[in-house]
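Undergrad: Here it is, the structure, as C-alpha cells.
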Amino acid sequence: FENGGYTYISKPVGQGPFPGVLYSHGGLGGAIGGDLRGTCIALAQEGYICWAQLRTDTVPITPHVSEVDVALDSLINCSGLDINRVGIIGFSRGGLLTIMTAISHYSDVHAVVAMAPAAANNTLSNTLTQVSAIDDSVLLMVSLNDTFQDDHIQLVLDVENAFDNVVDY
C-alpha cells in the first residue's frame with residue numbers, strides 16, 4: 001500500500017484451525033515502535049496465525065483506524081484460522097487502535113491486549129466512553145517507568161477505570 005507499507009503474515013506448521021492475532025505496532029509518522037517481523041514469527045512459533053501490517057506514516061489517526069479494520073478483516077479471512085479464537089494486540093498508538101478495534105468489531109474479537117495505549121490527543125478518552133461494547137478478556141500492560149513521552153501509567157489506569165465502571169446487567 002501507500003508510503004512503502006508491508007504486511008507480515010505467519011502461520012504455524014500444521015493443518016489448523018489455529019487461533020489468530022492481529023498485531024498493531026506503535027509509532028507515529030515514520031517512526032515504527034515494535035518489531036513486526038519478529039512478533040509475527042514469535043506468535044507463529046507459539047501456534048498462532050499472525051497478521052502484522054505497517055500502517056501508513058500519516059500522523060492523523062483516522063486513516064489508521066481504517067487500515068486496522070482492513071487488516072482484521074484480512075486476518076479473519078486467512079485459511080486455517082479458527083474465527084472463534086481471534087485476538088488483537090497493540091502497543092502505544094497500536095494499543096489505542098486495538099481498543100478502538102475491539103469496540104467496533106466486538107463480535108469478531110475474542111481477546112484484547114493493549115500495551116501502553118497512546119492518548120492521541122483526546123482519542124483515548126473519547127474511546128473509553130464506549131468500552132462497554134467489549135465483552136471478552138482484556139489485558140492491559142505498561143512498564144512501571146513509562147512516563148517519557150506521556151504518562152502511560154496513568155493512561156492505563158484510565159483504561160482500567162473505564163472497564164471497572166462498566167455496569168453489567
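Ordering of the C-alpha cells sets the chain letters (A, B, ...); residue numbers start at 1 within each chain; ligands are numbered from 1 in the order shown.
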Write out as a ChimeraX atom specification which residues come within 12 Å of Gly80 in chain A when counting only C-alpha atoms, dropping same-chain ones fewer than 2 positions away.

TA: /A:10-20,47-50,75-78,82-85

Undergrad: Range 33-71 of chain A: which residues are helix (DSSP H, G or I) by DSSP, as a ChimeraX atom specification?

TA: /A:36-45,62-71

Undergrad: Please produce a file of those selected residues containing all heavy atoms, as a compact mmCIF listing (two decimals), in the first residue's frame.

TA:
```
# COMPACT_ATOMS: atom_id res chain seq x y z
N LEU A 36 7.74 -5.84 13.87
CA LEU A 36 6.62 -6.52 13.23
C LEU A 36 7.00 -7.95 12.83
O LEU A 36 6.27 -8.90 13.13
CB LEU A 36 6.15 -5.74 11.99
CG LEU A 36 5.20 -4.60 12.25
CD1 LEU A 36 5.86 -3.43 12.90
CD2 LEU A 36 4.55 -4.18 10.96
N ARG A 37 8.12 -8.09 12.15
CA ARG A 37 8.53 -9.42 11.67
C ARG A 37 8.80 -10.36 12.84
O ARG A 37 8.32 -11.49 12.87
CB ARG A 37 9.79 -9.29 10.80
CG ARG A 37 10.27 -10.60 10.24
CD ARG A 37 11.51 -10.39 9.33
NE ARG A 37 11.95 -11.64 8.74
CZ ARG A 37 12.79 -12.48 9.33
NH1 ARG A 37 13.31 -12.19 10.51
NH2 ARG A 37 13.12 -13.61 8.72
N GLY A 38 9.56 -9.90 13.82
CA GLY A 38 9.89 -10.74 14.98
C GLY A 38 8.66 -11.14 15.78
O GLY A 38 8.55 -12.28 16.23
N THR A 39 7.73 -10.21 15.93
CA THR A 39 6.49 -10.50 16.65
C THR A 39 5.68 -11.55 15.90
O THR A 39 5.15 -12.50 16.49
CB THR A 39 5.66 -9.21 16.84
OG1 THR A 39 6.43 -8.29 17.61
CG2 THR A 39 4.35 -9.50 17.54
N CYS A 40 5.60 -11.39 14.60
CA CYS A 40 4.85 -12.32 13.76
C CYS A 40 5.44 -13.73 13.86
O CYS A 40 4.71 -14.71 14.05
CB CYS A 40 4.87 -11.82 12.32
SG CYS A 40 3.33 -12.02 11.45
N ILE A 41 6.74 -13.84 13.75
CA ILE A 41 7.41 -15.14 13.83
C ILE A 41 7.20 -15.76 15.21
O ILE A 41 6.88 -16.96 15.33
CB ILE A 41 8.91 -15.00 13.50
CG1 ILE A 41 9.08 -14.67 12.02
CG2 ILE A 41 9.67 -16.27 13.88
CD1 ILE A 41 10.49 -14.25 11.65
N ALA A 42 7.38 -14.97 16.26
CA ALA A 42 7.22 -15.49 17.63
C ALA A 42 5.82 -16.02 17.86
O ALA A 42 5.64 -17.08 18.48
CB ALA A 42 7.57 -14.40 18.64
N LEU A 43 4.81 -15.32 17.36
CA LEU A 43 3.44 -15.78 17.55
C LEU A 43 3.17 -17.06 16.76
O LEU A 43 2.48 -17.96 17.24
CB LEU A 43 2.45 -14.67 17.19
CG LEU A 43 2.36 -13.57 18.25
CD1 LEU A 43 1.66 -12.34 17.70
CD2 LEU A 43 1.65 -14.08 19.49
N ALA A 44 3.71 -17.17 15.56
CA ALA A 44 3.54 -18.40 14.78
C ALA A 44 4.20 -19.58 15.49
O ALA A 44 3.66 -20.68 15.51
CB ALA A 44 4.11 -18.22 13.38
N GLN A 45 5.36 -19.34 16.08
CA GLN A 45 6.05 -20.41 16.81
C GLN A 45 5.26 -20.87 18.02
O GLN A 45 5.41 -22.00 18.49
CB GLN A 45 7.45 -19.95 17.23
CG GLN A 45 8.39 -19.82 16.05
CD GLN A 45 9.72 -19.18 16.43
OE1 GLN A 45 9.85 -18.46 17.40
NE2 GLN A 45 10.74 -19.46 15.61
N THR A 62 -7.21 8.79 12.02
CA THR A 62 -8.37 8.30 11.26
C THR A 62 -8.00 7.30 10.17
O THR A 62 -8.62 6.23 10.07
CB THR A 62 -9.19 9.47 10.70
OG1 THR A 62 -9.54 10.33 11.78
CG2 THR A 62 -10.44 8.99 10.01
N PRO A 63 -6.99 7.58 9.32
CA PRO A 63 -6.64 6.57 8.31
C PRO A 63 -6.15 5.26 8.93
O PRO A 63 -6.36 4.19 8.37
CB PRO A 63 -5.52 7.24 7.50
CG PRO A 63 -5.64 8.69 7.77
CD PRO A 63 -6.22 8.81 9.15
N HIS A 64 -5.53 5.34 10.08
CA HIS A 64 -5.03 4.13 10.73
C HIS A 64 -6.17 3.25 11.21
O HIS A 64 -6.06 2.01 11.20
CB HIS A 64 -4.11 4.48 11.88
CG HIS A 64 -2.83 5.12 11.43
ND1 HIS A 64 -1.98 5.76 12.29
CD2 HIS A 64 -2.26 5.21 10.21
CE1 HIS A 64 -0.94 6.22 11.62
NE2 HIS A 64 -1.10 5.90 10.35
N VAL A 65 -7.26 3.86 11.64
CA VAL A 65 -8.42 3.08 12.08
C VAL A 65 -8.92 2.22 10.92
O VAL A 65 -9.15 1.01 11.09
CB VAL A 65 -9.55 4.01 12.59
CG1 VAL A 65 -10.83 3.22 12.89
CG2 VAL A 65 -9.09 4.78 13.83
N SER A 66 -9.03 2.81 9.75
CA SER A 66 -9.47 2.05 8.57
C SER A 66 -8.47 0.96 8.20
O SER A 66 -8.86 -0.15 7.83
CB SER A 66 -9.66 2.99 7.37
OG SER A 66 -10.64 3.94 7.65
N GLU A 67 -7.19 1.26 8.30
CA GLU A 67 -6.16 0.27 7.96
C GLU A 67 -6.23 -0.93 8.90
O GLU A 67 -6.09 -2.09 8.45
CB GLU A 67 -4.77 0.90 8.02
CG GLU A 67 -4.52 1.89 6.91
CD GLU A 67 -3.19 2.60 7.05
OE1 GLU A 67 -2.20 1.96 7.48
OE2 GLU A 67 -3.12 3.79 6.72
N VAL A 68 -6.44 -0.69 10.18
CA VAL A 68 -6.54 -1.79 11.14
C VAL A 68 -7.82 -2.59 10.90
O VAL A 68 -7.82 -3.82 10.99
CB VAL A 68 -6.43 -1.27 12.59
CG1 VAL A 68 -6.70 -2.39 13.60
CG2 VAL A 68 -5.05 -0.67 12.83
N ASP A 69 -8.91 -1.92 10.55
CA ASP A 69 -10.16 -2.63 10.21
C ASP A 69 -9.93 -3.58 9.04
O ASP A 69 -10.35 -4.74 9.08
CB ASP A 69 -11.26 -1.63 9.84
CG ASP A 69 -11.82 -0.88 11.03
OD1 ASP A 69 -11.56 -1.28 12.18
OD2 ASP A 69 -12.52 0.13 10.80
N VAL A 70 -9.27 -3.10 8.01
CA VAL A 70 -8.99 -3.93 6.83
C VAL A 70 -8.06 -5.08 7.20
O VAL A 70 -8.25 -6.23 6.76
CB VAL A 70 -8.40 -3.08 5.68
CG1 VAL A 70 -7.85 -3.94 4.56
CG2 VAL A 70 -9.46 -2.11 5.16
N ALA A 71 -7.06 -4.80 8.03
CA ALA A 71 -6.13 -5.86 8.46
C ALA A 71 -6.86 -6.94 9.24
O ALA A 71 -6.61 -8.14 9.04
CB ALA A 71 -4.99 -5.26 9.29
```

Undergrad: For the atom pair CA of Val159 in chain A and CA of Glu46 in chain A, what is the interatomic distance in Å to one decimal place?

TA: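 If I compute the distance from CA of Val159 in chain A to CA of Glu46 in chain A, I get 28.0 Å.
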
Undergrad: What does the structure give for the distance between CA of Asp35 in chain A and CA of Leu128 in chain A, in Å to one decimal?

TA: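 Going from CA of Asp35 in chain A over to CA of Leu128 in chain A covers 27.2 Å.
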
Undergrad: Write down as an mmCIF file with all heavy atoms, in the first residue's frame the residues of range 5-162 of chain A whose backbone DSSP state falls under strand (DSSP E).

TA:
```cif
data_model
loop_
_atom_site.group_PDB
_atom_site.id
_atom_site.type_symbol
_atom_site.label_atom_id
_atom_site.label_comp_id
_atom_site.auth_asym_id
_atom_site.auth_seq_id
_atom_site.Cartn_x
_atom_site.Cartn_y
_atom_site.Cartn_z
ATOM 1 N N THR A 7 3.161 -6.021 4.911
ATOM 2 C CA THR A 7 2.447 -6.868 5.864
ATOM 3 C C THR A 7 3.227 -8.155 6.067
ATOM 4 O O THR A 7 3.710 -8.747 5.105
ATOM 5 C CB THR A 7 1.034 -7.210 5.337
ATOM 6 O OG1 THR A 7 0.316 -6.000 5.123
ATOM 7 C CG2 THR A 7 0.276 -8.082 6.313
ATOM 8 N N TYR A 8 3.324 -8.564 7.326
ATOM 9 C CA TYR A 8 3.858 -9.882 7.651
ATOM 10 C C TYR A 8 2.687 -10.768 8.034
ATOM 11 O O TYR A 8 1.831 -10.375 8.821
ATOM 12 C CB TYR A 8 4.844 -9.826 8.824
ATOM 13 C CG TYR A 8 6.150 -9.173 8.489
ATOM 14 C CD1 TYR A 8 6.453 -7.903 8.955
ATOM 15 C CD2 TYR A 8 7.090 -9.844 7.711
ATOM 16 C CE1 TYR A 8 7.668 -7.305 8.641
ATOM 17 C CE2 TYR A 8 8.305 -9.251 7.398
ATOM 18 C CZ TYR A 8 8.580 -7.984 7.867
ATOM 19 O OH TYR A 8 9.778 -7.397 7.555
ATOM 20 N N ILE A 9 2.653 -11.960 7.468
ATOM 21 C CA ILE A 9 1.642 -12.949 7.798
ATOM 22 C C ILE A 9 2.401 -14.230 8.129
ATOM 23 O O ILE A 9 3.231 -14.681 7.337
ATOM 24 C CB ILE A 9 0.697 -13.212 6.613
ATOM 25 C CG1 ILE A 9 0.083 -11.907 6.124
ATOM 26 C CG2 ILE A 9 -0.384 -14.221 7.000
ATOM 27 C CD1 ILE A 9 -0.513 -11.998 4.734
ATOM 28 N N SER A 10 2.139 -14.781 9.285
ATOM 29 C CA SER A 10 2.812 -16.021 9.645
ATOM 30 C C SER A 10 1.781 -17.043 10.099
ATOM 31 O O SER A 10 0.753 -16.692 10.670
ATOM 32 C CB SER A 10 3.841 -15.777 10.746
ATOM 33 O OG SER A 10 3.204 -15.290 11.906
ATOM 34 N N PHE A 18 -6.128 -22.683 13.592
ATOM 35 C CA PHE A 18 -5.281 -22.032 14.580
ATOM 36 C C PHE A 18 -5.941 -20.752 15.085
ATOM 37 O O PHE A 18 -6.654 -20.086 14.330
ATOM 38 C CB PHE A 18 -3.937 -21.650 13.957
ATOM 39 C CG PHE A 18 -3.168 -22.805 13.421
ATOM 40 C CD1 PHE A 18 -3.080 -23.015 12.049
ATOM 41 C CD2 PHE A 18 -2.521 -23.688 14.270
ATOM 42 C CE1 PHE A 18 -2.356 -24.083 11.536
ATOM 43 C CE2 PHE A 18 -1.790 -24.759 13.771
ATOM 44 C CZ PHE A 18 -1.713 -24.960 12.399
ATOM 45 N N PRO A 19 -5.662 -20.386 16.326
ATOM 46 C CA PRO A 19 -6.090 -19.058 16.768
ATOM 47 C C PRO A 19 -5.301 -17.997 15.999
ATOM 48 O O PRO A 19 -4.227 -18.286 15.466
ATOM 49 C CB PRO A 19 -5.746 -19.044 18.260
ATOM 50 C CG PRO A 19 -4.681 -20.075 18.424
ATOM 51 C CD PRO A 19 -4.907 -21.105 17.348
ATOM 52 N N GLY A 20 -5.836 -16.795 15.938
ATOM 53 C CA GLY A 20 -5.172 -15.728 15.202
ATOM 54 C C GLY A 20 -4.962 -14.492 16.042
ATOM 55 O O GLY A 20 -5.704 -14.237 16.994
ATOM 56 N N VAL A 21 -3.939 -13.730 15.676
ATOM 57 C CA VAL A 21 -3.625 -12.481 16.361
ATOM 58 C C VAL A 21 -3.346 -11.400 15.329
ATOM 59 O O VAL A 21 -2.561 -11.602 14.398
ATOM 60 C CB VAL A 21 -2.385 -12.632 17.276
ATOM 61 C CG1 VAL A 21 -1.957 -11.283 17.843
ATOM 62 C CG2 VAL A 21 -2.652 -13.608 18.395
ATOM 63 N N LEU A 22 -3.994 -10.272 15.505
ATOM 64 C CA LEU A 22 -3.668 -9.067 14.746
ATOM 65 C C LEU A 22 -2.785 -8.212 15.642
ATOM 66 O O LEU A 22 -3.170 -7.882 16.765
ATOM 67 C CB LEU A 22 -4.937 -8.296 14.375
ATOM 68 C CG LEU A 22 -4.707 -6.936 13.716
ATOM 69 C CD1 LEU A 22 -4.056 -7.098 12.350
ATOM 70 C CD2 LEU A 22 -6.022 -6.181 13.601
ATOM 71 N N TYR A 23 -1.586 -7.877 15.160
ATOM 72 C CA TYR A 23 -0.653 -7.047 15.927
ATOM 73 C C TYR A 23 -0.580 -5.662 15.307
ATOM 74 O O TYR A 23 -0.326 -5.516 14.115
ATOM 75 C CB TYR A 23 0.745 -7.674 15.949
ATOM 76 C CG TYR A 23 1.785 -6.771 16.567
ATOM 77 C CD1 TYR A 23 1.757 -6.494 17.925
ATOM 78 C CD2 TYR A 23 2.772 -6.182 15.794
ATOM 79 C CE1 TYR A 23 2.702 -5.655 18.498
ATOM 80 C CE2 TYR A 23 3.724 -5.340 16.364
ATOM 81 C CZ TYR A 23 3.678 -5.078 17.710
ATOM 82 O OH TYR A 23 4.598 -4.246 18.271
ATOM 83 N N SER A 24 -0.812 -4.631 16.130
ATOM 84 C CA SER A 24 -0.710 -3.236 15.687
ATOM 85 C C SER A 24 0.467 -2.580 16.391
ATOM 86 O O SER A 24 0.492 -2.467 17.620
ATOM 87 C CB SER A 24 -1.991 -2.466 16.012
ATOM 88 O OG SER A 24 -3.064 -2.940 15.236
ATOM 89 N N ILE A 49 -1.795 -17.880 14.006
ATOM 90 C CA ILE A 49 -1.669 -17.152 12.753
ATOM 91 C C ILE A 49 -1.542 -15.693 13.148
ATOM 92 O O ILE A 49 -2.309 -15.199 13.978
ATOM 93 C CB ILE A 49 -2.902 -17.356 11.850
ATOM 94 C CG1 ILE A 49 -2.998 -18.813 11.394
ATOM 95 C CG2 ILE A 49 -2.839 -16.418 10.642
ATOM 96 C CD1 ILE A 49 -4.253 -19.132 10.602
ATOM 97 N N CYS A 50 -0.583 -14.992 12.594
ATOM 98 C CA CYS A 50 -0.378 -13.587 12.953
ATOM 99 C C CYS A 50 -0.403 -12.721 11.706
ATOM 100 O O CYS A 50 0.139 -13.082 10.661
ATOM 101 C CB CYS A 50 0.955 -13.405 13.677
ATOM 102 S SG CYS A 50 1.251 -11.688 14.173
ATOM 103 N N TRP A 51 -1.018 -11.554 11.853
ATOM 104 C CA TRP A 51 -1.073 -10.542 10.797
ATOM 105 C C TRP A 51 -0.501 -9.271 11.416
ATOM 106 O O TRP A 51 -1.040 -8.757 12.404
ATOM 107 C CB TRP A 51 -2.515 -10.320 10.377
ATOM 108 C CG TRP A 51 -2.677 -9.478 9.154
ATOM 109 C CD1 TRP A 51 -2.600 -8.109 9.091
ATOM 110 C CD2 TRP A 51 -2.949 -9.922 7.835
ATOM 111 N NE1 TRP A 51 -2.820 -7.693 7.811
ATOM 112 C CE2 TRP A 51 -3.033 -8.793 7.012
ATOM 113 C CE3 TRP A 51 -3.135 -11.182 7.263
ATOM 114 C CZ2 TRP A 51 -3.290 -8.872 5.655
ATOM 115 C CZ3 TRP A 51 -3.399 -11.260 5.923
ATOM 116 C CH2 TRP A 51 -3.470 -10.110 5.125
ATOM 117 N N ALA A 52 0.598 -8.775 10.882
ATOM 118 C CA ALA A 52 1.231 -7.550 11.377
ATOM 119 C C ALA A 52 1.502 -6.647 10.181
ATOM 120 O O ALA A 52 2.291 -6.992 9.310
ATOM 121 C CB ALA A 52 2.522 -7.870 12.118
ATOM 122 N N GLN A 53 0.849 -5.524 10.150
ATOM 123 C CA GLN A 53 0.918 -4.633 8.991
ATOM 124 C C GLN A 53 1.503 -3.280 9.387
ATOM 125 O O GLN A 53 1.092 -2.692 10.382
ATOM 126 C CB GLN A 53 -0.490 -4.444 8.440
ATOM 127 C CG GLN A 53 -0.564 -3.559 7.220
ATOM 128 C CD GLN A 53 -1.962 -3.592 6.632
ATOM 129 O OE1 GLN A 53 -2.557 -4.656 6.492
ATOM 130 N NE2 GLN A 53 -2.477 -2.439 6.287
ATOM 131 N N LEU A 81 -7.686 -20.377 9.907
ATOM 132 C CA LEU A 81 -7.954 -19.601 11.121
ATOM 133 C C LEU A 81 -9.201 -20.121 11.831
ATOM 134 O O LEU A 81 -10.214 -20.396 11.192
ATOM 135 C CB LEU A 81 -8.164 -18.120 10.780
ATOM 136 C CG LEU A 81 -8.477 -17.232 11.988
ATOM 137 C CD1 LEU A 81 -7.215 -16.940 12.774
ATOM 138 C CD2 LEU A 81 -9.137 -15.943 11.551
ATOM 139 N N ASP A 82 -9.119 -20.229 13.147
ATOM 140 C CA ASP A 82 -10.288 -20.502 13.982
ATOM 141 C C ASP A 82 -10.919 -19.154 14.309
ATOM 142 O O ASP A 82 -10.403 -18.417 15.158
ATOM 143 C CB ASP A 82 -9.870 -21.233 15.252
ATOM 144 C CG ASP A 82 -11.032 -21.548 16.171
ATOM 145 O OD1 ASP A 82 -12.142 -20.996 15.989
ATOM 146 O OD2 ASP A 82 -10.831 -22.351 17.103
ATOM 147 N N ILE A 83 -11.995 -18.816 13.632
ATOM 148 C CA ILE A 83 -12.585 -17.473 13.789
ATOM 149 C C ILE A 83 -13.158 -17.234 15.180
ATOM 150 O O ILE A 83 -13.465 -16.098 15.531
ATOM 151 C CB ILE A 83 -13.654 -17.177 12.714
ATOM 152 C CG1 ILE A 83 -14.814 -18.159 12.806
ATOM 153 C CG2 ILE A 83 -13.032 -17.161 11.331
ATOM 154 C CD1 ILE A 83 -16.008 -17.756 11.973
ATOM 155 N N ASN A 84 -13.273 -18.286 15.982
ATOM 156 C CA ASN A 84 -13.754 -18.118 17.349
ATOM 157 C C ASN A 84 -12.626 -17.871 18.336
ATOM 158 O O ASN A 84 -12.870 -17.768 19.539
ATOM 159 C CB ASN A 84 -14.562 -19.354 17.773
ATOM 160 C CG ASN A 84 -15.821 -19.479 16.955
ATOM 161 O OD1 ASN A 84 -16.578 -18.521 16.816
ATOM 162 N ND2 ASN A 84 -16.032 -20.652 16.385
ATOM 163 N N ARG A 85 -11.390 -17.773 17.824
ATOM 164 C CA ARG A 85 -10.226 -17.520 18.689
ATOM 165 C C ARG A 85 -9.321 -16.476 18.035
ATOM 166 O O ARG A 85 -8.183 -16.741 17.694
ATOM 167 C CB ARG A 85 -9.465 -18.811 18.970
ATOM 168 C CG ARG A 85 -10.299 -19.841 19.727
ATOM 169 C CD ARG A 85 -9.507 -21.000 20.233
ATOM 170 N NE ARG A 85 -8.819 -21.705 19.163
ATOM 171 C CZ ARG A 85 -7.785 -22.518 19.353
ATOM 172 N NH1 ARG A 85 -7.306 -22.740 20.552
ATOM 173 N NH2 ARG A 85 -7.216 -23.123 18.319
ATOM 174 N N VAL A 86 -9.864 -15.270 17.904
ATOM 175 C CA VAL A 86 -9.129 -14.157 17.308
ATOM 176 C C VAL A 86 -8.838 -13.130 18.398
ATOM 177 O O VAL A 86 -9.747 -12.673 19.094
ATOM 178 C CB VAL A 86 -9.927 -13.507 16.156
ATOM 179 C CG1 VAL A 86 -9.220 -12.263 15.654
ATOM 180 C CG2 VAL A 86 -10.139 -14.500 15.027
ATOM 181 N N GLY A 87 -7.580 -12.778 18.516
ATOM 182 C CA GLY A 87 -7.169 -11.758 19.472
ATOM 183 C C GLY A 87 -6.489 -10.608 18.754
ATOM 184 O O GLY A 87 -6.021 -10.750 17.620
ATOM 185 N N ILE A 88 -6.456 -9.473 19.416
ATOM 186 C CA ILE A 88 -5.760 -8.312 18.873
ATOM 187 C C ILE A 88 -4.829 -7.766 19.941
ATOM 188 O O ILE A 88 -5.163 -7.724 21.121
ATOM 189 C CB ILE A 88 -6.735 -7.235 18.341
ATOM 190 C CG1 ILE A 88 -7.769 -6.828 19.388
ATOM 191 C CG2 ILE A 88 -7.439 -7.735 17.091
ATOM 192 C CD1 ILE A 88 -8.709 -5.719 18.927
ATOM 193 N N ILE A 89 -3.649 -7.374 19.488
ATOM 194 C CA ILE A 89 -2.603 -6.886 20.377
ATOM 195 C C ILE A 89 -2.059 -5.593 19.779
ATOM 196 O O ILE A 89 -1.842 -5.507 18.573
ATOM 197 C CB ILE A 89 -1.444 -7.903 20.484
ATOM 198 C CG1 ILE A 89 -1.929 -9.224 21.059
ATOM 199 C CG2 ILE A 89 -0.304 -7.344 21.318
ATOM 200 C CD1 ILE A 89 -0.873 -10.321 21.029
ATOM 201 N N GLY A 90 -1.826 -4.607 20.626
ATOM 202 C CA GLY A 90 -1.242 -3.379 20.126
ATOM 203 C C GLY A 90 -0.430 -2.661 21.178
ATOM 204 O O GLY A 90 -0.665 -2.788 22.377
ATOM 205 N N PHE A 91 0.542 -1.901 20.684
ATOM 206 C CA PHE A 91 1.476 -1.165 21.535
ATOM 207 C C PHE A 91 1.408 0.315 21.183
ATOM 208 O O PHE A 91 1.443 0.681 20.001
ATOM 209 C CB PHE A 91 2.890 -1.722 21.303
ATOM 210 C CG PHE A 91 3.979 -0.890 21.887
ATOM 211 C CD1 PHE A 91 4.166 -0.838 23.252
ATOM 212 C CD2 PHE A 91 4.807 -0.149 21.071
ATOM 213 C CE1 PHE A 91 5.174 -0.055 23.797
ATOM 214 C CE2 PHE A 91 5.823 0.637 21.605
ATOM 215 C CZ PHE A 91 5.999 0.681 22.978
ATOM 216 N N ALA A 111 -10.193 -11.656 22.380
ATOM 217 C CA ALA A 111 -9.211 -11.325 23.411
ATOM 218 C C ALA A 111 -8.487 -10.052 22.976
ATOM 219 O O ALA A 111 -8.247 -9.841 21.787
ATOM 220 C CB ALA A 111 -8.215 -12.453 23.602
ATOM 221 N N VAL A 112 -8.149 -9.222 23.958
ATOM 222 C CA VAL A 112 -7.542 -7.921 23.677
ATOM 223 C C VAL A 112 -6.343 -7.721 24.597
ATOM 224 O O VAL A 112 -6.453 -7.931 25.808
ATOM 225 C CB VAL A 112 -8.564 -6.778 23.928
ATOM 226 C CG1 VAL A 112 -7.947 -5.427 23.666
ATOM 227 C CG2 VAL A 112 -9.833 -6.991 23.124
ATOM 228 N N VAL A 113 -5.211 -7.320 24.008
ATOM 229 C CA VAL A 113 -4.041 -6.927 24.798
ATOM 230 C C VAL A 113 -3.647 -5.532 24.338
ATOM 231 O O VAL A 113 -3.288 -5.325 23.181
ATOM 232 C CB VAL A 113 -2.848 -7.902 24.604
ATOM 233 C CG1 VAL A 113 -1.647 -7.426 25.418
ATOM 234 C CG2 VAL A 113 -3.239 -9.321 24.983
ATOM 235 N N ALA A 114 -3.747 -4.565 25.240
ATOM 236 C CA ALA A 114 -3.357 -3.185 24.944
ATOM 237 C C ALA A 114 -2.160 -2.835 25.815
ATOM 238 O O ALA A 114 -2.256 -2.845 27.042
ATOM 239 C CB ALA A 114 -4.517 -2.228 25.200
ATOM 240 N N MET A 115 -1.047 -2.538 25.155
ATOM 241 C CA MET A 115 0.185 -2.218 25.869
ATOM 242 C C MET A 115 0.452 -0.724 25.741
ATOM 243 O O MET A 115 0.595 -0.208 24.625
ATOM 244 C CB MET A 115 1.349 -3.026 25.280
ATOM 245 C CG MET A 115 1.139 -4.524 25.393
ATOM 246 S SD MET A 115 2.406 -5.494 24.564
ATOM 247 C CE MET A 115 1.885 -5.343 22.858
ATOM 248 N N SER A 137 -12.025 -11.019 27.168
ATOM 249 C CA SER A 137 -10.871 -10.774 28.026
ATOM 250 C C SER A 137 -10.029 -9.616 27.516
ATOM 251 O O SER A 137 -9.779 -9.495 26.318
ATOM 252 C CB SER A 137 -9.989 -12.025 28.093
ATOM 253 O OG SER A 137 -10.705 -13.086 28.657
ATOM 254 N N VAL A 138 -9.583 -8.781 28.460
ATOM 255 C CA VAL A 138 -8.723 -7.636 28.153
ATOM 256 C C VAL A 138 -7.534 -7.673 29.102
ATOM 257 O O VAL A 138 -7.706 -7.803 30.312
ATOM 258 C CB VAL A 138 -9.471 -6.297 28.314
ATOM 259 C CG1 VAL A 138 -8.530 -5.121 28.091
ATOM 260 C CG2 VAL A 138 -10.674 -6.218 27.387
ATOM 261 N N LEU A 139 -6.335 -7.569 28.542
ATOM 262 C CA LEU A 139 -5.118 -7.466 29.337
ATOM 263 C C LEU A 139 -4.489 -6.122 29.038
ATOM 264 O O LEU A 139 -4.257 -5.781 27.873
ATOM 265 C CB LEU A 139 -4.142 -8.597 28.980
ATOM 266 C CG LEU A 139 -2.756 -8.543 29.644
ATOM 267 C CD1 LEU A 139 -2.876 -8.670 31.162
ATOM 268 C CD2 LEU A 139 -1.865 -9.639 29.074
ATOM 269 N N LEU A 140 -4.230 -5.346 30.080
ATOM 270 C CA LEU A 140 -3.574 -4.046 29.940
ATOM 271 C C LEU A 140 -2.166 -4.176 30.492
ATOM 272 O O LEU A 140 -1.970 -4.731 31.572
ATOM 273 C CB LEU A 140 -4.340 -2.978 30.720
ATOM 274 C CG LEU A 140 -5.807 -2.802 30.356
ATOM 275 C CD1 LEU A 140 -6.486 -1.853 31.326
ATOM 276 C CD2 LEU A 140 -5.937 -2.306 28.930
ATOM 277 N N MET A 141 -1.197 -3.629 29.748
ATOM 278 C CA MET A 141 0.196 -3.726 30.173
ATOM 279 C C MET A 141 0.881 -2.373 30.009
ATOM 280 O O MET A 141 0.600 -1.646 29.059
ATOM 281 C CB MET A 141 0.923 -4.772 29.338
ATOM 282 C CG MET A 141 0.323 -6.161 29.434
ATOM 283 S SD MET A 141 1.125 -7.343 28.351
ATOM 284 C CE MET A 141 2.651 -7.601 29.242
#
```

Undergrad: Near Asp150 in chain A, counting only C-alpha atoms, which residues have an atom at most 10 Å away, once you skip same-chain residues fewer than 4 positions from it, shown as a ChimeraX atom specification?

TA: /A:116,118-119,146,154-155

Undergrad: I need the residues from that last selection saved to file as a PDB file, in the first residue's frame (with N, CA and C atoms), if you can.

TA:
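Resulting contents of selection_31.pdb:
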```pdb
ATOM      1  N   ALA A 116       0.488  -0.042  26.869  1.00  0.00           N
ATOM      2  CA  ALA A 116       0.794   1.390  26.925  1.00  0.00           C
ATOM      3  C   ALA A 116       0.062   2.178  25.838  1.00  0.00           C
ATOM      4  N   ALA A 118      -1.638   4.878  23.578  1.00  0.00           N
ATOM      5  CA  ALA A 118      -1.385   6.314  23.419  1.00  0.00           C
ATOM      6  C   ALA A 118      -2.669   7.103  23.647  1.00  0.00           C
ATOM      7  N   ALA A 119      -2.500   8.354  24.053  1.00  0.00           N
ATOM      8  CA  ALA A 119      -3.651   9.231  24.264  1.00  0.00           C
ATOM      9  C   ALA A 119      -4.177   9.786  22.943  1.00  0.00           C
ATOM     10  N   ASP A 146       7.117   4.071  32.341  1.00  0.00           N
ATOM     11  CA  ASP A 146       6.707   4.558  31.021  1.00  0.00           C
ATOM     12  C   ASP A 146       6.016   5.920  31.128  1.00  0.00           C
ATOM     13  N   GLN A 154      -0.624   6.369  33.869  1.00  0.00           N
ATOM     14  CA  GLN A 154      -1.926   6.974  34.134  1.00  0.00           C
ATOM     15  C   GLN A 154      -2.927   6.612  33.037  1.00  0.00           C
ATOM     16  N   LEU A 155      -2.469   6.580  31.806  1.00  0.00           N
ATOM     17  CA  LEU A 155      -3.377   6.230  30.708  1.00  0.00           C
ATOM     18  C   LEU A 155      -3.913   4.806  30.872  1.00  0.00           C
TER      19      LEU A 155
END
```

Undergrad: Suppose you want the space between CA of Gly94 in chain A and CA of Gly26 in chain A; what is it in Å?

TA: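 CA of Gly26 in chain A lies at a distance of 4.9 Å from CA of Gly94 in chain A.
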
Undergrad: Which of these, A:Val156, A:Ile134, A:Leu144, A:Leu28, has the shortest distance to Asp108 in chain A once you count only C-alpha atoms?

TA: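 Closest residue, counting only C-alpha atoms: A:Ile134.
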
Undergrad: Which residue gives the smallest distance to Val109 in chain A among A:Asn121, A:Val59, A:Asn145, A:Asp135, with only C-alpha atoms counted?

TA: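 Selected residue with least distance to Val109 in chain A: A:Asp135.
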